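Data from work-v3.cif: mmCIF, C-alpha atoms
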```cif
data_start
loop_
_atom_site.label_atom_id
_atom_site.label_comp_id
_atom_site.auth_asym_id
_atom_site.auth_seq_id
_atom_site.Cartn_x
_atom_site.Cartn_y
_atom_site.Cartn_z
CA MET H 1 -27.56 1.10 -14.55
CA SER H 2 -25.57 2.96 -17.21
CA ASP H 3 -21.98 1.93 -17.89
CA ARG H 4 -21.07 5.61 -18.22
CA ILE H 5 -19.55 7.82 -15.54
CA THR H 6 -21.36 11.09 -14.94
CA ALA H 7 -20.13 14.20 -13.15
CA LYS H 8 -22.08 17.33 -12.28
CA TYR H 9 -20.32 20.71 -12.12
CA TRP H 10 -21.06 24.29 -11.21
CA ILE H 11 -19.41 26.62 -13.72
CA GLU H 12 -18.95 30.34 -14.30
CA THR H 13 -17.86 31.60 -17.73
CA PRO H 14 -17.97 34.74 -19.89
CA PHE H 15 -18.48 32.53 -22.93
CA PRO H 16 -21.72 30.94 -24.11
CA VAL H 17 -22.44 28.17 -21.61
CA ALA H 18 -22.97 25.46 -24.25
CA MET H 19 -19.63 26.27 -25.86
CA ALA H 20 -17.82 26.26 -22.49
CA ALA H 21 -19.36 22.89 -21.64
CA GLU H 22 -18.11 21.44 -24.94
CA VAL H 23 -14.61 22.73 -24.10
CA MET H 24 -14.78 20.86 -20.78
CA ALA H 25 -15.91 17.66 -22.48
CA GLY H 26 -13.22 17.84 -25.13
CA GLU H 27 -10.37 18.69 -22.74
CA GLN H 28 -11.23 15.77 -20.46
CA SER H 29 -11.59 13.15 -23.21
CA SER H 30 -10.51 13.02 -26.85
CA GLY H 31 -10.15 16.71 -27.70
CA THR H 32 -7.47 19.38 -27.57
CA PHE H 33 -7.35 23.04 -28.66
CA THR H 34 -7.84 22.08 -32.28
CA ARG H 35 -9.39 19.20 -34.21
CA LEU H 36 -6.86 16.49 -35.15
CA ALA H 37 -6.95 14.25 -38.20
CA SER H 38 -6.79 11.17 -35.97
CA GLU H 39 -9.77 12.39 -33.92
CA THR H 40 -12.30 10.76 -36.17
CA ASP H 41 -16.05 10.92 -35.76
CA GLU H 42 -15.96 7.24 -34.81
CA LEU H 43 -13.35 7.87 -32.11
CA ARG H 44 -15.29 10.82 -30.72
CA ALA H 45 -18.49 8.79 -30.64
CA ALA H 46 -16.77 5.95 -28.77
CA HIS H 47 -14.55 7.91 -26.37
CA GLY H 48 -15.56 11.55 -26.29
CA ALA H 49 -17.19 12.97 -23.18
CA ARG H 50 -20.81 14.02 -23.69
CA VAL H 51 -22.60 17.07 -22.40
CA GLU H 52 -25.68 15.46 -20.87
CA ARG H 53 -27.42 18.43 -19.28
CA ILE H 54 -27.10 22.17 -18.84
CA VAL H 55 -29.11 24.18 -16.32
CA GLU H 56 -28.42 27.88 -16.62
CA LEU H 57 -28.43 29.83 -13.36
CA ASP H 58 -27.62 33.48 -12.71
CA GLU H 59 -24.93 35.79 -14.06
CA VAL H 60 -22.58 38.35 -12.49
CA ALA H 61 -20.66 41.36 -13.72
CA GLN H 62 -17.22 40.36 -12.39
CA PRO H 63 -15.33 37.04 -12.43
CA SER H 64 -15.24 35.13 -9.15
CA LEU H 65 -11.70 33.87 -9.81
CA PRO H 66 -8.81 35.44 -11.73
CA ILE H 67 -9.17 34.95 -15.48
CA ARG H 68 -6.98 35.79 -18.45
CA PRO H 69 -7.78 39.12 -20.16
CA LEU H 70 -10.70 38.73 -22.52
CA PRO H 71 -10.64 39.76 -26.17
CA ALA H 72 -11.61 43.39 -26.76
CA GLU H 73 -15.03 42.43 -28.08
CA MET H 74 -15.79 40.57 -24.81
CA ARG H 75 -14.60 43.15 -22.29
CA THR H 76 -18.16 43.97 -21.26
CA ALA H 77 -19.31 40.34 -21.14
CA ARG H 78 -21.34 39.08 -18.20
CA PHE H 79 -20.18 35.95 -16.40
CA ARG H 80 -22.80 33.23 -16.78
CA ARG H 81 -23.29 30.50 -14.20
CA ALA H 82 -24.74 27.06 -14.81
CA GLU H 83 -24.83 23.44 -13.68
CA VAL H 84 -23.34 21.16 -16.31
CA THR H 85 -23.44 17.35 -16.34
CA LEU H 86 -20.85 15.46 -18.40
CA SER H 87 -20.49 11.73 -19.00
CA TRP H 88 -17.68 9.43 -20.10
CA PRO H 89 -17.54 5.80 -21.22
CA ILE H 90 -15.83 3.68 -18.61
CA ALA H 91 -13.64 2.34 -21.41
CA ASN H 92 -11.67 5.59 -21.25
CA MET H 93 -10.12 4.83 -17.84
CA GLY H 94 -11.49 1.52 -16.59
CA ALA H 95 -12.58 1.07 -12.99
CA SER H 96 -9.59 3.02 -11.66
CA LEU H 97 -10.04 5.63 -8.94
CA PRO H 98 -6.78 7.53 -9.69
CA ASN H 99 -7.62 7.76 -13.37
CA LEU H 100 -11.24 8.62 -12.61
CA LEU H 101 -10.00 11.55 -10.52
CA ALA H 102 -7.69 12.69 -13.32
CA THR H 103 -10.68 12.62 -15.68
CA VAL H 104 -13.38 14.34 -13.63
CA ALA H 105 -11.13 16.72 -11.64
CA GLY H 106 -8.09 17.24 -13.84
CA ASN H 107 -7.05 20.04 -16.17
CA LEU H 108 -10.52 21.50 -16.40
CA PHE H 109 -9.90 23.62 -13.26
CA GLU H 110 -7.24 25.49 -15.26
CA LEU H 111 -9.18 26.12 -18.46
CA ARG H 112 -9.09 29.77 -19.51
CA GLU H 113 -12.78 29.72 -20.42
CA PHE H 114 -13.80 29.56 -16.76
CA SER H 115 -13.84 32.04 -13.88
CA GLY H 116 -15.29 29.39 -11.58
CA LEU H 117 -15.64 25.61 -11.69
CA ARG H 118 -16.59 23.12 -9.00
CA LEU H 119 -17.24 19.37 -9.09
CA LEU H 120 -20.56 18.76 -7.32
CA ASP H 121 -21.34 15.05 -7.64
CA LEU H 122 -20.37 11.77 -9.28
CA THR H 123 -22.41 8.79 -10.40
CA LEU H 124 -20.40 5.64 -11.06
CA PRO H 125 -21.28 2.32 -12.68
CA ALA H 126 -21.31 -0.82 -10.54
CA THR H 127 -18.05 -1.83 -12.23
CA PHE H 128 -16.32 0.29 -9.60
CA ALA H 129 -18.01 -1.62 -6.78
CA ALA H 130 -16.66 -4.85 -8.27
CA ALA H 131 -13.14 -3.44 -8.67
CA TYR H 132 -12.76 -1.92 -5.19
CA ARG H 133 -13.39 -3.48 -1.82
CA GLY H 134 -15.15 -0.53 -0.22
CA PRO H 135 -15.60 -0.35 3.57
CA GLN H 136 -14.99 -3.62 5.38
CA PHE H 137 -16.77 -2.70 8.62
CA GLY H 138 -18.79 0.48 8.10
CA ILE H 139 -21.45 1.36 10.65
CA ALA H 140 -22.58 -2.13 11.69
CA GLY H 141 -19.10 -3.61 11.95
CA THR H 142 -17.80 -0.69 13.97
CA ARG H 143 -20.72 -0.95 16.38
CA GLU H 144 -20.06 -4.65 16.83
CA LEU H 145 -16.37 -4.14 17.63
CA VAL H 146 -17.11 -1.41 20.17
CA GLY H 147 -20.14 -3.16 21.64
CA VAL H 148 -22.50 -0.21 21.14
CA ALA H 149 -25.70 -1.37 19.45
CA ARG H 150 -27.48 1.99 19.33
CA GLY H 151 -26.81 5.66 19.88
CA PRO H 152 -23.63 7.49 18.89
CA LEU H 153 -20.14 6.28 19.68
CA ILE H 154 -18.84 8.81 22.19
CA GLY H 155 -15.28 9.65 21.28
CA THR H 156 -12.39 12.01 21.77
CA ILE H 157 -9.04 13.06 20.32
CA ILE H 158 -5.76 12.84 22.18
CA LYS H 159 -4.63 16.37 23.01
CA PRO H 160 -2.12 17.99 23.11
CA SER H 161 -1.85 16.91 19.46
CA VAL H 162 1.93 16.51 19.73
CA GLY H 163 4.35 16.55 22.63
CA LEU H 164 3.06 13.72 24.80
CA SER H 165 5.20 10.63 25.31
CA PRO H 166 3.82 7.10 24.92
CA THR H 167 3.49 6.85 28.69
CA GLN H 168 1.68 10.18 28.97
CA THR H 169 -0.66 9.15 26.16
CA ALA H 170 -1.44 5.89 27.94
CA ASP H 171 -2.10 7.75 31.19
CA LEU H 172 -4.71 9.89 29.43
CA VAL H 173 -6.22 6.80 27.79
CA ARG H 174 -6.54 5.15 31.20
CA GLU H 175 -8.58 8.09 32.44
CA LEU H 176 -10.76 7.99 29.32
CA VAL H 177 -11.52 4.28 29.37
CA GLU H 178 -12.31 4.36 33.07
CA ALA H 179 -14.84 7.09 32.24
CA GLY H 180 -16.53 4.72 29.78
CA ILE H 181 -15.43 6.29 26.47
CA ASP H 182 -16.24 4.31 23.30
CA PHE H 183 -13.71 5.71 20.84
CA ILE H 184 -10.34 7.48 21.00
CA LYS H 185 -8.19 8.69 18.12
CA ASP H 186 -4.74 10.07 17.59
CA ASP H 187 -4.57 13.61 16.30
CA GLU H 188 -3.69 13.82 12.60
CA LEU H 189 -0.42 15.52 13.56
CA GLN H 190 0.65 12.58 15.74
CA ALA H 191 1.82 9.60 13.68
CA ASN H 192 5.32 8.21 14.18
CA GLY H 193 7.39 11.11 15.45
CA PRO H 194 10.65 10.57 17.35
CA HIS H 195 9.13 11.83 20.62
CA ASN H 196 6.25 9.32 20.46
CA PRO H 197 7.08 6.38 18.15
CA LEU H 198 4.01 4.51 17.02
CA ALA H 199 5.21 1.07 18.17
CA GLU H 200 5.84 2.34 21.68
CA ARG H 201 2.54 4.22 21.75
CA VAL H 202 0.62 1.14 20.60
CA ALA H 203 2.24 -1.01 23.28
CA ALA H 204 1.53 1.48 26.08
CA VAL H 205 -2.02 2.33 25.02
CA MET H 206 -3.17 -1.19 24.24
CA ARG H 207 -1.85 -2.44 27.56
CA VAL H 208 -4.28 -0.02 29.24
CA ILE H 209 -7.20 -0.79 26.90
CA ASN H 210 -6.74 -4.58 27.10
CA GLU H 211 -6.44 -4.58 30.87
CA HIS H 212 -9.60 -2.49 31.18
CA ALA H 213 -11.44 -4.80 28.77
CA GLU H 214 -10.42 -7.90 30.73
CA ARG H 215 -11.63 -6.29 33.94
CA THR H 216 -14.89 -4.75 32.69
CA GLY H 217 -15.78 -6.43 29.39
CA LYS H 218 -15.77 -3.07 27.55
CA LYS H 219 -13.02 -2.50 24.99
CA ALA H 220 -12.66 1.01 23.65
CA MET H 221 -11.67 1.46 20.01
CA TYR H 222 -8.46 3.44 19.52
CA ALA H 223 -7.69 4.75 16.01
CA PHE H 224 -3.89 4.76 15.76
CA ASN H 225 -2.59 7.19 13.15
CA ILE H 226 -0.48 5.07 10.79
CA THR H 227 -0.24 7.70 8.03
CA GLY H 228 3.00 7.17 6.14
CA GLU H 229 4.57 5.44 3.17
CA ILE H 230 2.61 2.40 1.96
CA ASP H 231 5.07 -0.20 3.27
CA GLU H 232 5.35 1.70 6.56
CA MET H 233 1.56 1.72 6.96
CA ARG H 234 1.49 -2.04 6.52
CA ARG H 235 4.09 -2.55 9.25
CA HIS H 236 2.24 -0.22 11.58
CA HIS H 237 -1.11 -1.84 10.84
CA ASP H 238 0.40 -5.20 11.77
CA THR H 239 1.78 -3.73 14.99
CA VAL H 240 -1.68 -2.44 15.97
CA VAL H 241 -3.42 -5.74 15.19
CA ALA H 242 -0.78 -7.81 17.02
CA ALA H 243 -1.35 -5.71 20.14
CA GLY H 244 -5.12 -6.25 20.01
CA GLY H 245 -5.97 -2.88 18.45
CA THR H 246 -9.26 -2.53 16.61
CA CYS H 247 -8.75 0.52 14.36
CA VAL H 248 -6.17 2.36 12.29
CA MET H 249 -6.33 5.92 11.02
CA ALA H 250 -4.95 7.49 7.85
CA THR H 251 -4.91 11.09 6.67
CA LEU H 252 -6.59 10.70 3.29
CA ASN H 253 -5.26 13.63 1.31
CA ALA H 254 -1.70 12.87 2.46
CA VAL H 255 -1.83 9.15 1.64
CA GLY H 256 -3.87 9.33 -1.58
CA LEU H 257 -6.37 6.97 -3.15
CA PRO H 258 -3.84 4.24 -4.07
CA GLY H 259 -2.47 4.31 -0.52
CA ILE H 260 -5.90 3.83 1.06
CA ALA H 261 -6.83 1.12 -1.46
CA ALA H 262 -3.59 -0.71 -0.65
CA LEU H 263 -4.25 -0.41 3.10
CA ARG H 264 -7.77 -1.76 2.63
CA ARG H 265 -6.48 -4.88 0.82
CA TYR H 266 -4.73 -6.16 3.92
CA SER H 267 -6.42 -4.33 6.79
CA GLU H 268 -7.98 -6.51 9.47
CA VAL H 269 -9.56 -3.57 11.32
CA PRO H 270 -11.65 -0.50 10.43
CA ILE H 271 -9.92 2.36 8.62
CA HIS H 272 -10.63 5.76 10.14
CA GLY H 273 -10.41 8.40 7.39
CA HIS H 274 -9.23 11.87 8.43
CA ARG H 275 -9.87 14.65 5.93
CA ALA H 276 -7.04 17.07 6.94
CA GLY H 277 -6.52 19.48 4.09
CA TRP H 278 -10.16 19.39 3.08
CA GLY H 279 -10.46 23.17 3.10
CA LEU H 280 -8.16 23.33 0.08
CA PHE H 281 -10.93 21.70 -1.98
CA SER H 282 -13.98 23.10 -0.23
CA ARG H 283 -13.59 26.56 1.21
CA SER H 284 -14.18 28.56 -1.96
CA PRO H 285 -17.64 28.11 -3.49
CA HIS H 286 -16.12 28.96 -6.86
CA ILE H 287 -13.56 26.18 -7.27
CA GLY H 288 -12.84 22.74 -5.86
CA ILE H 289 -14.83 19.62 -5.06
CA ASP H 290 -18.03 19.22 -3.09
CA TYR H 291 -17.92 16.72 -0.23
CA VAL H 292 -20.72 14.67 -1.83
CA ALA H 293 -18.41 13.85 -4.74
CA TRP H 294 -15.18 13.63 -2.72
CA GLN H 295 -16.41 11.16 -0.11
CA LYS H 296 -17.51 8.64 -2.75
CA LEU H 297 -13.90 8.15 -3.84
CA TRP H 298 -12.70 7.34 -0.33
CA ARG H 299 -15.64 5.07 0.43
CA LEU H 300 -14.81 2.98 -2.61
CA ALA H 301 -11.13 2.95 -1.68
CA GLY H 302 -12.12 1.35 1.61
CA VAL H 303 -12.49 3.70 4.59
CA ASP H 304 -15.02 2.84 7.30
CA HIS H 305 -15.29 6.24 9.02
CA LEU H 306 -15.15 9.73 7.46
CA HIS H 307 -14.82 13.09 9.17
CA VAL H 308 -17.59 15.59 8.41
CA ASN H 309 -16.83 18.45 10.87
CA GLY H 310 -19.55 19.36 13.40
CA LEU H 311 -22.31 21.84 14.11
CA ARG H 312 -21.18 25.29 15.30
CA ASN H 313 -17.61 24.18 14.67
CA LYS H 314 -14.37 26.12 15.04
CA PHE H 315 -13.79 26.16 11.27
CA SER H 316 -15.49 28.02 8.41
CA GLU H 317 -17.99 25.36 7.32
CA PRO H 318 -21.70 26.13 7.84
CA ASP H 319 -23.99 23.67 9.61
CA ASP H 320 -26.05 22.74 6.56
CA SER H 321 -22.89 21.64 4.76
CA VAL H 322 -21.88 19.46 7.72
CA ILE H 323 -25.23 17.68 7.76
CA ALA H 324 -25.23 17.22 3.98
CA SER H 325 -21.81 15.60 4.26
CA ALA H 326 -22.95 13.21 6.99
CA ARG H 327 -26.03 12.22 5.02
CA ALA H 328 -23.87 11.57 1.97
CA CYS H 329 -21.73 9.13 3.98
CA GLN H 330 -24.86 7.20 4.98
CA THR H 331 -26.39 7.13 1.48
CA PRO H 332 -25.85 4.00 -0.67
CA MET H 333 -23.83 4.59 -3.84
CA PHE H 334 -25.09 1.70 -5.94
CA ALA H 335 -28.34 -0.13 -6.55
CA ALA H 336 -28.68 -3.70 -5.28
CA PRO H 337 -27.14 -6.23 -5.56
CA ALA H 338 -23.97 -4.10 -5.40
CA PRO H 339 -22.82 -3.35 -1.81
CA GLU H 340 -24.27 -0.14 -0.39
CA CYS H 341 -20.80 1.07 0.65
CA THR H 342 -22.02 3.32 3.49
CA VAL H 343 -19.66 4.60 6.18
CA MET H 344 -19.92 6.10 9.65
CA PRO H 345 -19.67 9.92 9.74
CA VAL H 346 -17.41 11.41 12.40
CA PHE H 347 -18.52 14.67 14.00
CA SER H 348 -15.77 16.74 15.62
CA SER H 349 -14.41 20.29 16.04
CA ALA H 350 -15.51 22.18 19.16
CA GLN H 351 -18.28 19.69 19.91
CA SER H 352 -19.84 19.23 23.35
CA ALA H 353 -23.16 18.22 24.88
CA GLU H 354 -24.50 21.52 23.53
CA GLN H 355 -24.74 20.35 19.88
CA ALA H 356 -26.12 16.83 20.46
CA ALA H 357 -29.83 17.63 20.14
CA ASP H 358 -29.37 19.77 17.03
CA THR H 359 -27.14 17.14 15.42
CA TYR H 360 -29.69 14.40 16.01
CA ALA H 361 -32.58 16.55 14.81
CA ALA H 362 -30.78 17.58 11.62
CA LEU H 363 -29.34 14.17 10.72
CA GLY H 364 -32.29 12.09 11.86
CA ASN H 365 -30.23 9.24 13.31
CA ALA H 366 -27.38 8.50 15.72
CA ASP H 367 -25.22 6.33 13.43
CA LEU H 368 -22.14 8.44 14.01
CA ILE H 369 -19.00 8.93 16.04
CA TYR H 370 -19.31 12.04 18.19
CA CYS H 371 -15.78 13.22 19.00
CA CYS H 372 -15.31 15.87 21.66
CA GLY H 373 -11.93 17.08 22.88
CA GLY H 374 -12.50 20.04 25.15
CA GLY H 375 -16.13 18.97 25.54
CA ILE H 376 -14.82 16.03 27.57
CA VAL H 377 -11.42 17.01 28.97
CA ALA H 378 -12.43 20.59 29.86
CA HIS H 379 -15.69 19.57 31.54
CA PRO H 380 -15.98 20.94 35.12
CA GLY H 381 -16.49 17.41 36.37
CA GLY H 382 -13.36 16.12 34.66
CA VAL H 383 -13.17 13.44 31.98
CA ALA H 384 -15.82 11.26 33.64
CA GLY H 385 -18.19 14.23 33.83
CA GLY H 386 -17.54 15.07 30.19
CA VAL H 387 -18.34 11.57 28.96
CA ALA H 388 -21.43 11.38 31.18
CA SER H 389 -22.69 14.74 29.91
CA LEU H 390 -22.48 13.56 26.30
CA ARG H 391 -24.38 10.36 26.99
CA GLN H 392 -27.04 12.36 28.83
CA ALA H 393 -27.31 14.89 25.99
CA TRP H 394 -27.76 12.19 23.36
CA GLU H 395 -30.23 10.33 25.56
CA ALA H 396 -32.31 13.49 25.76
CA ALA H 397 -32.03 14.06 22.02
CA GLU H 398 -33.17 10.55 21.08
CA GLN H 399 -36.06 10.68 23.56
CA GLY H 400 -37.17 14.14 22.44
CA ILE H 401 -36.57 15.71 25.85
CA PRO H 402 -35.44 19.38 25.83
CA LEU H 403 -31.80 19.66 26.87
CA GLU H 404 -32.44 22.07 29.73
CA GLN H 405 -35.25 19.88 31.08
CA HIS H 406 -33.01 16.79 31.08
CA ALA H 407 -30.28 18.84 32.77
CA GLU H 408 -32.55 19.46 35.75
CA THR H 409 -32.00 15.87 36.87
CA HIS H 410 -28.54 15.25 35.34
CA THR H 411 -25.73 17.17 37.01
CA GLU H 412 -23.04 16.52 34.39
CA LEU H 413 -25.26 17.78 31.59
CA ALA H 414 -26.13 20.91 33.55
CA GLN H 415 -22.42 21.57 34.11
CA ALA H 416 -21.71 21.13 30.40
CA ILE H 417 -24.43 23.59 29.41
CA ARG H 418 -23.04 26.22 31.76
CA ALA H 419 -19.47 25.61 30.64
CA PHE H 420 -19.85 25.34 26.87
CA ARG H 421 -22.91 27.37 25.91
CA LYS H 422 -21.78 30.03 23.43
#
```
Is it possible to give me this structure as structure tokens?
Amino acid sequence: MSDRITAKYWIETPFPVAMAAEVMAGEQSSGTFTRLASETDELRAAHGARVERIVELDEVAQPSLPIRPLPAEMRTARFRRAEVTLSWPIANMGASLPNLLATVAGNLFELREFSGLRLLDLTLPATFAAAYRGPQFGIAGTRELVGVARGPLIGTIIKPSVGLSPTQTADLVRELVEAGIDFIKDDELQANGPHNPLAERVAAVMRVINEHAERTGKKAMYAFNITGEIDEMRRHHDTVVAAGGTCVMATLNAVGLPGIAALRRYSEVPIHGHRAGWGLFSRSPHIGIDYVAWQKLWRLAGVDHLHVNGLRNKFSEPDDSVIASARACQTPMFAAPAPECTVMPVFSSAQSAEQAADTYAALGNADLIYCCGGGIVAHPGGVAGGVASLRQAWEAAEQGIPLEQHAETHTELAQAIRAFRK
């Protein structure tokens, strides 16, 4: 494997594509707006970014993003699009995720030569796998903790997102665990607010989960949202573990790569990675970062689960993007003997029994957490009916039985189809 870092971009520029690519390479390595005396040929050869590949695509008449006025001789220029691959020697930044991000997704988004620029993918040397711990539990470890050997983990999110007290949260959890739920998570908006302090919530919720586990042998996994300052996250992690909790959650874009890497160094339980704020990077096709590249950073930092949205979701993301994201989470990053670093994708956002068959068919496996809020709580048969309907829908999907046919002999599934079909 090469010891160079490579990054693939989509670009749009009114300038010759090869020239624009060289501007990118120079800006993100040894160059600036003019050649310096100290920027010797030897230095450029050792530390300059290289343009490895250019694939020209289409062109358009107008810029996709605002751009500075062009010189008079270029006012009628067309805006060329291309895929450009750059590479850097790892000596430029070492195996450092924060400095990697500054290199591959730094000032280049602001360069005046571009009316569109998006990071599509990253390929990293195994040095990064040696420097970072990566996921501690991943798919297999999460399954073992929850006691679910096959099929999806059926999960839900505590709603209302804010406003419940610790006691009210625990009351809802009691209903969920009695219905046989596998996984429950805090909403990303509920961390350690004055109305529901994390320590009190942990005590109330884990009392319910532990008592149910002692009585039935099934212990649901609850992802407590410990998003906060680094020292605060450590205290809250310790509170969760001391109470018998088996998962913590952090909002990735709020905590940052160093925060997740620090949490991973001492975490004794899986880290559930929430991608709140993802639309800032992804919603425009003309700027930002593709999920395929973005998720690699967080996997290396140490998360075990990553949100990928869901089919026919309530947001703007199309279904093919959701599936591509989930597949990326399950795809090894490095060749053996380096660890494969795969994580469990989390499907959520307006999910119900309705999307199970299509999700399974598109992804090709059930190594996922399937989180449904309204799909469980708003089920006509109550929480128990909602959980049952999801298990029945996934059973049908894995056995290749049409959903409506399976519903003929499964009441909860039939109720879900009537209630949630759009």
If we count all atoms listed in the file, what is near Leu120 in chain H at a cut-off of 9 Å, once residues fewer than 5 positions away on the same chain are taken out, given as a compact mmCIF listing (two decimals) with C-alpha atoms, keeping the file's coordinate frame?
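The file below, part_31.txt, is the result:
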```txt
# COMPACT_ATOMS: atom_id res chain seq x y z
CA ALA H 7 -20.13 14.20 -13.15
CA LYS H 8 -22.08 17.33 -12.28
CA TYR H 9 -20.32 20.71 -12.12
CA TRP H 10 -21.06 24.29 -11.21
CA GLU H 83 -24.83 23.44 -13.68
CA GLY H 288 -12.84 22.74 -5.86
CA ILE H 289 -14.83 19.62 -5.06
CA ASP H 290 -18.03 19.22 -3.09
CA TYR H 291 -17.92 16.72 -0.23
CA VAL H 292 -20.72 14.67 -1.83
CA ALA H 293 -18.41 13.85 -4.74
CA TRP H 294 -15.18 13.63 -2.72
```
As a check of understanding, name the residues that the PyMOL selection byres ((chain H and resi 391) around 9) selects in the supplied structure, as a ChimeraX atom specification. /H:151-152,154,353,386-390,392-396,413
CA of Pro166 in chain H and CA of Val269 in chain H, how far apart in Å?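 Distance between the two atoms: 21.9 Å.
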Could you tell me how far CA of Val162 in chain H sits from CA of Cys372 in chain H, in Å to one decimal place?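 Between CA of Cys372 in chain H and CA of Val162 in chain H the gap works out to 17.4 Å.
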Selection result for the PyMOL selection byres ((chain H and resi 330-340) around 9) on this file, as a tab-separated table (two decimals) with C-alpha atoms, keeping the file's coordinate frame:
```
chain	number	residue	atom	x	y	z
H	1	MET	CA	-27.56	1.10	-14.55
H	123	THR	CA	-22.41	8.79	-10.40
H	124	LEU	CA	-20.40	5.64	-11.06
H	125	PRO	CA	-21.28	2.32	-12.68
H	126	ALA	CA	-21.31	-0.82	-10.54
H	129	ALA	CA	-18.01	-1.62	-6.78
H	130	ALA	CA	-16.66	-4.85	-8.27
H	134	GLY	CA	-15.15	-0.53	-0.22
H	139	ILE	CA	-21.45	1.36	10.65
H	296	LYS	CA	-17.51	8.64	-2.75
H	325	SER	CA	-21.81	15.60	4.26
H	326	ALA	CA	-22.95	13.21	6.99
H	327	ARG	CA	-26.03	12.22	5.02
H	328	ALA	CA	-23.87	11.57	1.97
H	329	CYS	CA	-21.73	9.13	3.98
H	341	CYS	CA	-20.80	1.07	0.65
H	342	THR	CA	-22.02	3.32	3.49
H	343	VAL	CA	-19.66	4.60	6.18
H	344	MET	CA	-19.92	6.10	9.65
H	345	PRO	CA	-19.67	9.92	9.74
H	367	ASP	CA	-25.22	6.33	13.43
```
Any idea what's packed within 9 Å of range 211-218 of chain H, counting only C-alpha atoms, ignoring anything in its chain fewer than 3 positions away? Could you give it as a list in words? Val146, Gly147, Arg174, Val177, Glu178, Gly180, Asp182, Met206, Arg207 and Val208 of chain H
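Of the residues under consideration (H:Ala261, H:Ala242, H:Val322, H:Val346), H:Val346 shows the shortest atom-to-atom contact distance to His274 in chain H when counting only C-alpha atoms.
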Using only C-alpha atoms, which of the listed residues (H:Gly228, H:Gly94, H:Gly244, H:Gly277) sits closest to Tyr132 in chain H?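 Answer, going by the shortest atom-to-atom distance: H:Gly94.
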Exercise: Ala276 in chain H partners within 12 Å, only C-alpha atoms, chain neighbours under 2 positions left out, as a PyMOL selection string: chain H and resi 187-189+227+249-256+273-274+278-282+306-309
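This file gives the following result for the PyMOL selection byres ((chain H and resi 223) around 9): Phe183, Ile184, Lys185, Asp186, Met221, Tyr222, Phe224, Asn225, Ile226, Gly245, Thr246, Cys247, Val248, Met249, Pro270, Ile271 and His272 of chain H.
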With C-alpha atoms retained, could you export that selection as a compact mmCIF listing (two decimals), in the coordinates of the input?
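Heads up, here's the output in part13.txt:
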```txt
# COMPACT_ATOMS: atom_id res chain seq x y z
CA PHE H 183 -13.71 5.71 20.84
CA ILE H 184 -10.34 7.48 21.00
CA LYS H 185 -8.19 8.69 18.12
CA ASP H 186 -4.74 10.07 17.59
CA MET H 221 -11.67 1.46 20.01
CA TYR H 222 -8.46 3.44 19.52
CA PHE H 224 -3.89 4.76 15.76
CA ASN H 225 -2.59 7.19 13.15
CA ILE H 226 -0.48 5.07 10.79
CA GLY H 245 -5.97 -2.88 18.45
CA THR H 246 -9.26 -2.53 16.61
CA CYS H 247 -8.75 0.52 14.36
CA VAL H 248 -6.17 2.36 12.29
CA MET H 249 -6.33 5.92 11.02
CA PRO H 270 -11.65 -0.50 10.43
CA ILE H 271 -9.92 2.36 8.62
CA HIS H 272 -10.63 5.76 10.14
```
